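Before any comments, here is the structure.
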Amino acid sequence: MNQKERMLAELPYKPWLDGLEEERIRAKMLCYRFNQLPPDHFDERDAVLKELLGPCGEGICIEQPFHCDYGYNIEIAGNFFSNYNLTILDIAKVKIGRNVQFAPNVGIYTAGHPIHAASRDSGYEYGRAITIGDSVWLGAGVIVCPGVVIGDNVVIGAGSVVTRDIPSNSVAVGNPCRVIRKITEEDRRYYCGHMEFEPDILRELGIN
């Protein structure tokens, strides 16, 4: 098993061997092209993302700048929006569901290093896959750590550091991030805290 195969198998690997350095340079060049495009060149931006990322559905919008390690390990189901300064270290697979939104400065980090200095100095590192479900909103500055699974219909508060799995239909905040409450049907009525939508919008949303 070569070092790329070890990386993809989530085993310790050396990132400068077996073509991995060249693959990272390719991703950096594509990120550079994407980040330098004028903001109104929508078709060109979409084309670069399609060349850079793994399998993705329609409706992928990532504001510049964006950075990643390999690109091909990122899969997005569709209808995705990320605000400025998204960084994804996709040493391992990153799977993102449909209707997901990221606020500015979100970091998705599958990469890790040994705790002991002697082991870390050897150059070995590893990755653990991250999965984010459907209809998830990550607030500004959220960090998602290696191996985390975030369920469907989850809201993660700004500045949170997600070190463990978060169940579906939850609001979670903090460092380390913890569930503070479940999301209920009553939450449909409100756009911010206890501020209720106007009656015409409630009707539009099908809420009595």
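Within each chain, counting starts at residue 1; across the structure tokens, chains are named A, B, ... in the order shown, with ligands numbered 1 upward in that order.
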
Mind checking which residues fall within 10 Å of A:Asn208, counting only C-alpha atoms, ignoring those fewer than 6 positions away in the same chain, and posting them as an mmCIF file with all heavy atoms, in the first residue's frame?
data_model
loop_
_atom_site.group_PDB
_atom_site.id
_atom_site.type_symbol
_atom_site.label_atom_id
_atom_site.label_comp_id
_atom_site.auth_asym_id
_atom_site.auth_seq_id
_atom_site.Cartn_x
_atom_site.Cartn_y
_atom_site.Cartn_z
ATOM 1 N N ARG A 189 -41.903 29.163 13.332
ATOM 2 C CA ARG A 189 -42.583 30.450 13.382
ATOM 3 C C ARG A 189 -41.627 31.640 13.512
ATOM 4 O O ARG A 189 -42.027 32.790 13.316
ATOM 5 C CB ARG A 189 -43.577 30.503 14.546
ATOM 6 C CG ARG A 189 -44.593 29.375 14.600
ATOM 7 C CD ARG A 189 -45.644 29.624 15.664
ATOM 8 N NE ARG A 189 -46.439 30.791 15.329
ATOM 9 C CZ ARG A 189 -47.525 30.747 14.537
ATOM 10 N NH1 ARG A 189 -47.921 29.597 14.009
ATOM 11 N NH2 ARG A 189 -48.195 31.850 14.281
ATOM 12 N N PRO A 199 -47.355 37.877 9.382
ATOM 13 C CA PRO A 199 -48.435 36.956 9.011
ATOM 14 C C PRO A 199 -48.399 36.495 7.560
ATOM 15 O O PRO A 199 -48.665 35.316 7.285
ATOM 16 C CB PRO A 199 -49.698 37.779 9.310
ATOM 17 C CG PRO A 199 -49.282 38.712 10.392
ATOM 18 C CD PRO A 199 -47.864 39.061 10.107
ATOM 19 N N LEU A 202 -45.738 33.863 7.288
ATOM 20 C CA LEU A 202 -46.205 32.632 7.926
ATOM 21 C C LEU A 202 -47.135 31.852 6.974
ATOM 22 O O LEU A 202 -47.028 30.634 6.844
ATOM 23 C CB LEU A 202 -46.940 32.934 9.219
ATOM 24 C CG LEU A 202 -46.073 33.406 10.390
ATOM 25 C CD1 LEU A 202 -46.939 33.852 11.558
ATOM 26 C CD2 LEU A 202 -45.104 32.320 10.835
#

Name the residues in contact with A:Lys14 at a cut-off of 8 Å, using only C-alpha atoms, excluding same-chain residues fewer than 2 positions from it; report them as a VMD selection string.
-> chain A and resid 3 12 16 to 17 123 to 125

Neighbour list for A:Asp69 as a ChimeraX atom specification, cut-off 10 Å, only C-alpha atoms, skip fewer than 3 positions in-chain = /A:20-21,23-28,31,72-74,87-92,111

Nearest candidate to A:Val100 (options A:Val154, A:Cys56, A:Val148, A:Val142; using only C-alpha atoms) = A:Val154

Atom CA of A:Gly127 to atom CA of A:Tyr70: how many Å, to one decimal?
-> 12.5 Å

Within 10 Å of A:Trp137, counting only C-alpha atoms, which residues show up once you throw out same-chain ones fewer than 3 positions away? Write them as a PDB file with N, CA and C atoms, in the first residue's frame, please.
ATOM      1  N   PHE A  81     -24.288  26.697   0.121  1.00  0.00           N
ATOM      2  CA  PHE A  81     -23.715  28.043   0.141  1.00  0.00           C
ATOM      3  C   PHE A  81     -22.698  28.152   1.260  1.00  0.00           C
ATOM      4  N   SER A  82     -21.515  28.669   0.917  1.00  0.00           N
ATOM      5  CA  SER A  82     -20.518  29.011   1.918  1.00  0.00           C
ATOM      6  C   SER A  82     -20.122  30.462   1.750  1.00  0.00           C
ATOM      7  N   ASN A  99     -28.817  21.480   0.975  1.00  0.00           N
ATOM      8  CA  ASN A  99     -29.367  22.640   1.690  1.00  0.00           C
ATOM      9  C   ASN A  99     -28.547  23.007   2.919  1.00  0.00           C
ATOM     10  N   VAL A 100     -27.225  23.005   2.742  1.00  0.00           N
ATOM     11  CA  VAL A 100     -26.300  23.325   3.831  1.00  0.00           C
ATOM     12  C   VAL A 100     -25.770  24.745   3.638  1.00  0.00           C
ATOM     13  N   GLN A 101     -25.626  25.471   4.739  1.00  0.00           N
ATOM     14  CA  GLN A 101     -25.103  26.830   4.713  1.00  0.00           C
ATOM     15  C   GLN A 101     -23.961  26.975   5.706  1.00  0.00           C
ATOM     16  N   PHE A 102     -22.873  27.613   5.248  1.00  0.00           N
ATOM     17  CA  PHE A 102     -21.748  27.945   6.114  1.00  0.00           C
ATOM     18  C   PHE A 102     -21.617  29.464   6.191  1.00  0.00           C
ATOM     19  N   ALA A 103     -21.472  30.008   7.384  1.00  0.00           N
ATOM     20  CA  ALA A 103     -21.158  31.415   7.581  1.00  0.00           C
ATOM     21  C   ALA A 103     -19.653  31.638   7.299  1.00  0.00           C
ATOM     22  N   ILE A 132     -21.475  15.811   7.129  1.00  0.00           N
ATOM     23  CA  ILE A 132     -22.424  16.847   7.525  1.00  0.00           C
ATOM     24  C   ILE A 132     -23.729  16.555   6.802  1.00  0.00           C
ATOM     25  N   GLY A 133     -24.826  16.449   7.544  1.00  0.00           N
ATOM     26  CA  GLY A 133     -26.110  16.042   6.976  1.00  0.00           C
ATOM     27  C   GLY A 133     -26.809  17.129   6.193  1.00  0.00           C
ATOM     28  N   ASP A 134     -28.077  16.908   5.900  1.00  0.00           N
ATOM     29  CA  ASP A 134     -28.897  17.853   5.144  1.00  0.00           C
ATOM     30  C   ASP A 134     -29.373  18.994   6.047  1.00  0.00           C
ATOM     31  N   ALA A 140     -20.603  31.483  12.051  1.00  0.00           N
ATOM     32  CA  ALA A 140     -19.292  32.056  11.739  1.00  0.00           C
ATOM     33  C   ALA A 140     -18.206  31.483  12.646  1.00  0.00           C
ATOM     34  N   ASP A 152     -28.799  15.682  10.447  1.00  0.00           N
ATOM     35  CA  ASP A 152     -29.648  16.566   9.651  1.00  0.00           C
ATOM     36  C   ASP A 152     -30.273  17.644  10.526  1.00  0.00           C
ATOM     37  N   ASN A 153     -30.590  18.786   9.880  1.00  0.00           N
ATOM     38  CA  ASN A 153     -31.358  19.858  10.539  1.00  0.00           C
ATOM     39  C   ASN A 153     -30.683  20.346  11.813  1.00  0.00           C
ATOM     40  N   VAL A 154     -29.381  20.547  11.734  1.00  0.00           N
ATOM     41  CA  VAL A 154     -28.589  20.980  12.890  1.00  0.00           C
ATOM     42  C   VAL A 154     -28.150  22.432  12.696  1.00  0.00           C
ATOM     43  N   VAL A 155     -28.138  23.198  13.779  1.00  0.00           N
ATOM     44  CA  VAL A 155     -27.560  24.537  13.808  1.00  0.00           C
ATOM     45  C   VAL A 155     -26.406  24.532  14.809  1.00  0.00           C
ATOM     46  N   ILE A 156     -25.221  24.950  14.338  1.00  0.00           N
ATOM     47  CA  ILE A 156     -24.045  25.051  15.197  1.00  0.00           C
ATOM     48  C   ILE A 156     -23.741  26.533  15.406  1.00  0.00           C
ATOM     49  N   GLY A 157     -23.703  26.985  16.664  1.00  0.00           N
ATOM     50  CA  GLY A 157     -23.499  28.390  16.979  1.00  0.00           C
ATOM     51  C   GLY A 157     -22.115  28.890  16.611  1.00  0.00           C
ATOM     52  N   VAL A 171     -29.693  22.184  18.273  1.00  0.00           N
ATOM     53  CA  VAL A 171     -28.880  23.397  18.340  1.00  0.00           C
ATOM     54  C   VAL A 171     -27.717  23.084  19.267  1.00  0.00           C
TER      55      VAL A 171
END

Could you pull out all residues of stretch 146-186 of chain A with a DSSP call of strand (DSSP E or B) and give them as a VMD selection string?
-> chain A and resid 149 to 150 155 to 156 161 to 162 166 170 to 173 178 to 182
